[in-house]
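Since the structure comes first, as structure tokens, the remarks are kept for the end.
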There are 2 protein chains.
Amino acid sequence: MTAVLTATSGRVTLKQGGGGRAMRALIEKLFVRDFATMPLHNPDFSVGVGAMDDGAAIRIGDEWLVITTDSHVIHPIFFPGGDIGRLSICGTVNDLAMMGATTVLGLTCSVILEEGFALDSLEAIQSSMIAACREAGAPVVTGDTKVMGKRELDGIVINTCGIGLTRTLVRDNGLSLGDRIIVTGSIAEHGLAVMAKRHEIGIEGDLVSDVAPLNDLVASVLSGAPGAVTAMKDPTRGGVSSALHEMASKSGVGILIDERVIPVTAAVRAVGELLGIDPLHVANEGKALIGVRADAADRVLEILRAHSLGRNAAVIGTCVAERPGGVILNTGFGKRLLAEPEGEPLPRIC
Amino acid sequence: MTAVLTATSGRVTLKQGGGGRAMRALIEKLFVRDFATMPLHNPDFSVGVGAMDDGAAIRIGDEWLVITTDSHVIHPIFFPGGDIGRLSICGTVNDLAMMGATTVLGLTCSVILEEGFALDSLEAIQSSMIAACREAGAPVVTGDTKVMGKRELDGIVINTCGIGLTRTLVRDNGLSLGDRIIVTGSIAEHGLAVMAKRHEIGIEGDLVSDVAPLNDLVASVLSGAPGAVTAMKDPTRGGVSSALHEMASKSGVGILIDERVIPVTAAVRAVGELLGIDPLHVANEGKALIGVRADAADRVLEILRAHSLGRNAAVIGTCVAERPGGVILNTGFGKRLLAEPEGEPLPRIC
């Protein structure tokens with residue numbers, strides 16, 4: 001951890017915003033260490049900042065109140081398949097859903113604008129937020145607006161917080177030996193669509209971001225296969241690789257993945273090869289990694305595939321005793337340890 | 001409203017971030033109009049985005065869950081009396097307190113950093129956040145970190161959301177004829193301290209920001225004088241003038257203020273005169289405007305003055321039938337209508 005910070009000469013680097021090891025080191029050193037010492041209101045029934053899960057959870061009566069926050073700094077703000085407005089609603093709805101909170105009590109929306117930002121762009125972003133809110137059944141209940149001077153901010157950033165309720169709290173650390181790992185669809189579409197747009201790579205039209213609200217999909221699994229889910233995480237920055245590493249290391253198991261069954265579209269494979277980027281390391285915004293009990297895997301898969309957002313779901317791996325905290329990739333030609341990414345290959349992907 | 005937008009040639013202006021009329025017009029047009037149409041989970045017992053209060057409130061059992069959000073973009077990030085870290089904790093704790101939620105279930109902390117930002121500054125800001133959290137008894141429960149490239153962001157911005165609980169929901173629209181208006185201490189210290197620092201005006205050391213968490217002060221009033229408080233608001237951007245206008249217009253009363261009894265320090269008066277800025281229009285970060293029943297005003301004043309953050313509290317006005325929605329200033333030489341500010345005189349004050 002110290003090494004990462006020393007190597008950067010005491011200054012923040014772009015890697016530290018990339019969602020991988022470098023960022024975890026920064027956050028652990030500066031934020032978690034001290035915030036985690038603060039007394040919580042219901043300490044025996046709380047998931048605080050120390051857990052570094054997708055959000056926090058506080059027990060209220062017989063339910064859990066789940067709280068998440070995300071700032072969205074994506075560039076460009078309009079990209080194939082979405083924009084910063086849709087992303088900021090879906091990103092937060094999905095963080096809630098990953099902890100089981102598929103009922104959204106409310107979202108907050110805090111917008112920071114650069115002086116001179118075009119109002120018609122702002123209206124387009126706002127419309128897109130509204131549409132995503134309707135899809136997710138998630139109301140924005142309060143907000144804030146700030147304006148910074150010209151060249152003090154690159155356009156617009158949006159922070160959203162989410163408050164959700166659930167009786168079934170799901171964590172990212174609950175995997176046990178033998179559990180199966182399911183991905184809810186084809187991977188890396190968000191990150192590669194944004195990168196392709198940024199680099200103006202012409203694609204034959206079918207590489208678009210997967211950005212979508214997953215709460216309805218997750219609700220169908222939690223209600224249709226009670227007790228089946230042992231852990232959940234959405235593979236955003238750092239992609240499937242980063243999320244699996246986090247789940248494995250927090251759960252104290254190894255995860256053996258079969259590379260050949262991971263759903264990857266031809267467009268993703270082509271752009272990934274062109275840019276020299278492994279799709280396993282690239283951000284998704286409409287996919288979940290779900291750990292399930294082995295005997296429930298078929299049932300969960302069936303539920304997922306019956307939903308429009310889970311049609312390409314697949315069982316991609318198993319939790320094993322080898323290499324606890326590590327991710328082992330079966331390539332078909334042999335097994336190798338998957339390296340945990342330092343961070344997302346490119347900044348401002350979400 | 002349309003006029004404001006047309007006049008700005010379809011682009012966002014700094015005024016629209018200043019907390020006054022221009023900002024309200026932008027927010028109402030773009031955000032509230034559509035967000036307010038979305039169904040809430042408990043519509044009969046909710047304060048949503050349409051109310052444009054300090055936050056939202058949702059009834060859970062026999063309590064109210066209060067939710068607020070604020071992005072902090074202050075410049076400079078270190079100023080006399082505080083820094084962006086202290087400000088971001090206090091600002092959100094105070095928005096909760098203004099709605100009666102003096103018990104903070106949790107705060108979120110989302111930091112956006114510019115590449116190259118100095119880690120020792122970040123550590124100083126973090127320490128200051130921790131200290132403010134301890135003062136307020138408010139734990140940070142979850143967070144997010146993003147990094148933008150060099151010159152894509154001016155240093156650092158911090159978003160905090162707050163989740164609080166209360167049995168006594170206080171609104172900003174509850175004033176009735178005859179109610180007294182109390183300010184909890186001397187005004188305009190935050191805004192003028194920041195402006196003095198920005199303009200490098202040398203002061204004899206005693207002009208510092210008032211940034212402080214008000215939840216304990218408010219709790220002492222709500223518990224010590226039950227039923228006395230009819231409305232509350234913290235006079236941040238746009239100052240006492242903007243907050244009083246909002247309270248008056250939402251409550252449908254006029255507010256008659258006696259200028260001579262408003263607490264203003266000599267330093268504030270001097271710097272205000274030097275910069276040509278009326279302290280009534282300048283942001284506070286550790287003060288509240290409290291509407292109270294006339295017969296309870298003395299009791300509330302006594303409670304406030306017994307608290308270290310309320311020693312200079314004063315009754316400054318009365319709700320009247322004249323000029324509903326307006327603020328009338330008794331200067332001692334006569335009465336005049338106080339103009340509602342377009343916005344804070346300078347951007348990035350909080």
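Chain labels follow the order of the structure tokens: the first chain is A, the next B, and so on; residue numbering restarts at 1 in every chain, and ligands are counted from 1 in their shown order.
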
Excluding range 77-92 of chain A and any residue of its chain fewer than 6 positions from it, enumerate the residues within 9 Å of it, using only C-alpha atoms, and give them as an mmCIF file with C-alpha atoms, in the first residue's frame.
```cif
data_model
loop_
_atom_site.group_PDB
_atom_site.id
_atom_site.type_symbol
_atom_site.label_atom_id
_atom_site.label_comp_id
_atom_site.auth_asym_id
_atom_site.auth_seq_id
_atom_site.Cartn_x
_atom_site.Cartn_y
_atom_site.Cartn_z
ATOM 1 C CA THR A 68 -24.930 3.819 -1.364
ATOM 2 C CA THR A 69 -23.222 6.736 -3.092
ATOM 3 C CA ASP A 70 -21.533 7.176 -6.447
ATOM 4 C CA SER A 71 -20.110 10.164 -8.305
ATOM 5 C CA LEU A 107 -32.416 8.587 -4.834
ATOM 6 C CA CYS A 109 -29.294 13.791 -7.413
ATOM 7 C CA ALA A 124 -31.293 15.619 -22.515
ATOM 8 C CA ILE A 125 -29.451 14.241 -19.475
ATOM 9 C CA GLN A 126 -32.389 15.041 -17.222
ATOM 10 C CA SER A 127 -34.846 13.256 -19.560
ATOM 11 C CA SER A 128 -32.613 10.261 -19.592
ATOM 12 C CA MET A 129 -32.491 10.235 -15.761
ATOM 13 C CA ILE A 130 -36.275 10.349 -15.604
ATOM 14 C CA ALA A 131 -36.576 7.444 -18.045
ATOM 15 C CA ALA A 132 -34.104 5.362 -16.028
ATOM 16 C CA CYS A 133 -35.936 6.226 -12.788
ATOM 17 C CA ALA A 136 -36.173 1.146 -11.998
ATOM 18 C CA ALA A 138 -36.891 4.618 -8.202
ATOM 19 C CA GLY A 155 -18.621 19.825 -18.251
ATOM 20 C CA ILE A 156 -20.739 18.015 -15.690
ATOM 21 C CA VAL A 157 -20.463 15.493 -12.884
ATOM 22 C CA ILE A 158 -23.423 13.897 -11.135
ATOM 23 C CA ASN A 159 -23.530 12.300 -7.712
ATOM 24 C CA THR A 160 -26.380 10.008 -6.797
ATOM 25 C CA CYS A 161 -27.044 8.374 -3.460
ATOM 26 C CA GLY A 162 -29.537 5.591 -3.016
ATOM 27 C CA HIS A 190 -20.035 -0.536 -21.211
ATOM 28 C CA ALA A 193 -18.394 1.107 -25.991
ATOM 29 C CA VAL A 194 -17.141 4.195 -24.122
ATOM 30 C CA LYS A 197 -16.452 6.287 -28.754
ATOM 31 C CA ARG A 198 -13.554 8.117 -27.123
ATOM 32 C CA GLY A 205 -23.264 -0.467 -34.723
ATOM 33 C CA LEU A 207 -21.325 -2.305 -29.471
ATOM 34 C CA VAL A 208 -23.391 -0.307 -27.010
ATOM 35 C CA SER A 209 -23.148 0.126 -23.262
ATOM 36 C CA ASP A 210 -25.172 -2.354 -21.208
ATOM 37 C CA VAL A 211 -26.160 0.346 -18.696
ATOM 38 C CA ALA A 212 -29.460 -0.770 -17.124
ATOM 39 C CA PRO A 213 -31.128 -0.998 -13.707
ATOM 40 C CA LEU A 214 -30.801 -4.519 -12.283
ATOM 41 C CA THR A 236 -18.074 -2.015 -12.716
ATOM 42 C CA GLU A 285 -23.002 -1.219 -15.922
ATOM 43 C CA GLY A 286 -25.831 -3.701 -16.346
ATOM 44 C CA CYS A 350 -18.203 5.797 -15.125
#
```

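Reported to one decimal place, the separation of CA of Arg180 in chain A from CA of Gly18 in chain A is 27.4 Å.
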
Every residue of range 75-245 of chain A that DSSP places in alpha helix (DSSP H), as a PyMOL selection string: chain A and resi 84-98+119-136+189-198+215-224+239-245

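Backbone DSSP of range 67-146 of chain A yields strand (DSSP E) at A:Ile67, A:Thr68, A:Thr69, A:Asp70, A:Ser71, A:His72, A:Phe78, A:Phe79, A:Gly82, A:Asp83, A:Thr103, A:Val104, A:Leu105, A:Gly106, A:Leu107, A:Thr108, A:Cys109, A:Ser110, A:Val111, A:Ile112, A:Leu113, A:Glu114, A:Val140, A:Val141, A:Thr142, A:Gly143, A:Asp144, A:Thr145, A:Lys146.
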
Suppose we keep N, CA and C atoms; can you now write the selection as a compact mmCIF listing (two decimals), in the first residue's frame?
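Once written, selection_14.txt looks like this:
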```
# COMPACT_ATOMS: atom_id res chain seq x y z
N ILE A 67 -27.61 1.98 2.06
CA ILE A 67 -27.23 3.32 1.63
C ILE A 67 -26.02 3.23 0.71
N THR A 68 -26.09 3.83 -0.47
CA THR A 68 -24.93 3.82 -1.36
C THR A 68 -24.72 5.21 -1.95
N THR A 69 -23.51 5.46 -2.42
CA THR A 69 -23.22 6.74 -3.09
C THR A 69 -22.26 6.49 -4.25
N ASP A 70 -22.41 7.26 -5.29
CA ASP A 70 -21.53 7.18 -6.45
C ASP A 70 -21.47 8.52 -7.15
N SER A 71 -20.26 8.98 -7.46
CA SER A 71 -20.11 10.16 -8.31
C SER A 71 -19.78 9.70 -9.71
N HIS A 72 -20.40 10.33 -10.68
CA HIS A 72 -20.23 9.92 -12.07
C HIS A 72 -19.50 11.00 -12.85
N PHE A 78 -22.20 11.66 -23.49
CA PHE A 78 -23.13 10.90 -24.32
C PHE A 78 -22.33 9.80 -25.01
N PHE A 79 -22.76 8.56 -24.87
CA PHE A 79 -22.01 7.44 -25.44
C PHE A 79 -23.02 6.43 -26.00
N GLY A 82 -26.26 5.08 -23.96
CA GLY A 82 -26.63 5.82 -22.75
C GLY A 82 -25.95 7.16 -22.64
N ASP A 83 -26.07 7.75 -21.45
CA ASP A 83 -25.40 9.01 -21.15
C ASP A 83 -25.20 9.08 -19.64
N THR A 103 -36.01 -2.64 -3.56
CA THR A 103 -36.99 -1.57 -3.41
C THR A 103 -36.25 -0.29 -3.07
N VAL A 104 -36.35 0.69 -3.97
CA VAL A 104 -35.62 1.95 -3.77
C VAL A 104 -36.55 2.96 -3.10
N LEU A 105 -36.22 3.34 -1.85
CA LEU A 105 -37.02 4.36 -1.16
C LEU A 105 -36.82 5.71 -1.83
N GLY A 106 -35.58 6.01 -2.17
CA GLY A 106 -35.33 7.31 -2.79
C GLY A 106 -33.91 7.42 -3.29
N LEU A 107 -33.74 8.24 -4.33
CA LEU A 107 -32.42 8.59 -4.83
C LEU A 107 -32.21 10.07 -4.61
N THR A 108 -30.96 10.47 -4.40
CA THR A 108 -30.63 11.89 -4.42
C THR A 108 -29.88 12.18 -5.72
N CYS A 109 -29.95 13.42 -6.16
CA CYS A 109 -29.29 13.79 -7.41
C CYS A 109 -28.60 15.13 -7.23
N SER A 110 -27.29 15.09 -7.21
CA SER A 110 -26.51 16.32 -7.01
C SER A 110 -25.66 16.56 -8.25
N VAL A 111 -25.92 17.68 -8.90
CA VAL A 111 -25.30 17.97 -10.19
C VAL A 111 -24.30 19.11 -10.02
N ILE A 112 -23.10 18.95 -10.54
CA ILE A 112 -22.14 20.06 -10.60
C ILE A 112 -21.90 20.37 -12.07
N LEU A 113 -22.08 21.64 -12.43
CA LEU A 113 -22.00 22.06 -13.83
C LEU A 113 -20.87 23.04 -14.03
N GLU A 114 -20.27 22.99 -15.22
CA GLU A 114 -19.31 24.01 -15.61
C GLU A 114 -20.07 25.20 -16.19
N VAL A 140 -36.39 10.11 -7.57
CA VAL A 140 -35.44 11.08 -7.03
C VAL A 140 -36.20 11.94 -6.02
N VAL A 141 -35.71 11.99 -4.77
CA VAL A 141 -36.47 12.68 -3.73
C VAL A 141 -35.86 14.01 -3.32
N THR A 142 -34.57 14.21 -3.59
CA THR A 142 -33.97 15.50 -3.25
C THR A 142 -32.70 15.69 -4.07
N GLY A 143 -32.23 16.93 -4.18
CA GLY A 143 -31.08 17.19 -5.02
C GLY A 143 -30.33 18.44 -4.63
N ASP A 144 -29.31 18.73 -5.41
CA ASP A 144 -28.47 19.90 -5.16
C ASP A 144 -27.85 20.29 -6.50
N THR A 145 -27.63 21.58 -6.71
CA THR A 145 -26.98 22.04 -7.94
C THR A 145 -25.87 23.01 -7.59
N LYS A 146 -24.71 22.80 -8.16
CA LYS A 146 -23.60 23.75 -8.00
C LYS A 146 -23.06 24.08 -9.38
```

Among listed residues B:Gly334, B:Gly191, B:Pro226, B:Pro324, nearest Asp258 in chain B (using only C-alpha atoms): B:Gly334

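Using only C-alpha atoms, the residues found no farther than 8 Å from Gly291 in chain A, other than those of its own chain fewer than 5 positions away, are A:Leu175, A:Asp179, A:Arg180, A:Ile181, A:Ile182, A:Val229, A:Thr230, A:Ala231, A:Met232.
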
Lys287 in chain B environment, 8 Å, only C-alpha atoms, sequence neighbours closer than 5 positions dropped, as JSON, numbers by chain: {"B": [183, 184, 185, 186, 187, 210, 214, 234, 235]}

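The spacing separating CA of Ala219 in chain A from CA of Val282 in chain A amounts to 25.6 Å.
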
Spatial neighbours of Leu346 in chain A, 12 Å, only C-alpha atoms, chain gap at least 4 places, as JSON, numbers by chain: {"A": [14, 15, 16, 17, 18, 19, 20, 74, 75, 191, 192, 194, 195, 196, 198, 199, 237, 238, 239, 275, 277, 281, 282, 283, 341, 342, 350], "B": [147, 148, 149]}

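For the pair CA of Glu123 in chain A and CA of Val47 in chain B, the interatomic distance is 24.2 Å.
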
Residue nearest chain B among A:Ala118, A:Ala306, A:Ile203, A:Leu26 (counting only C-alpha atoms): A:Ala118
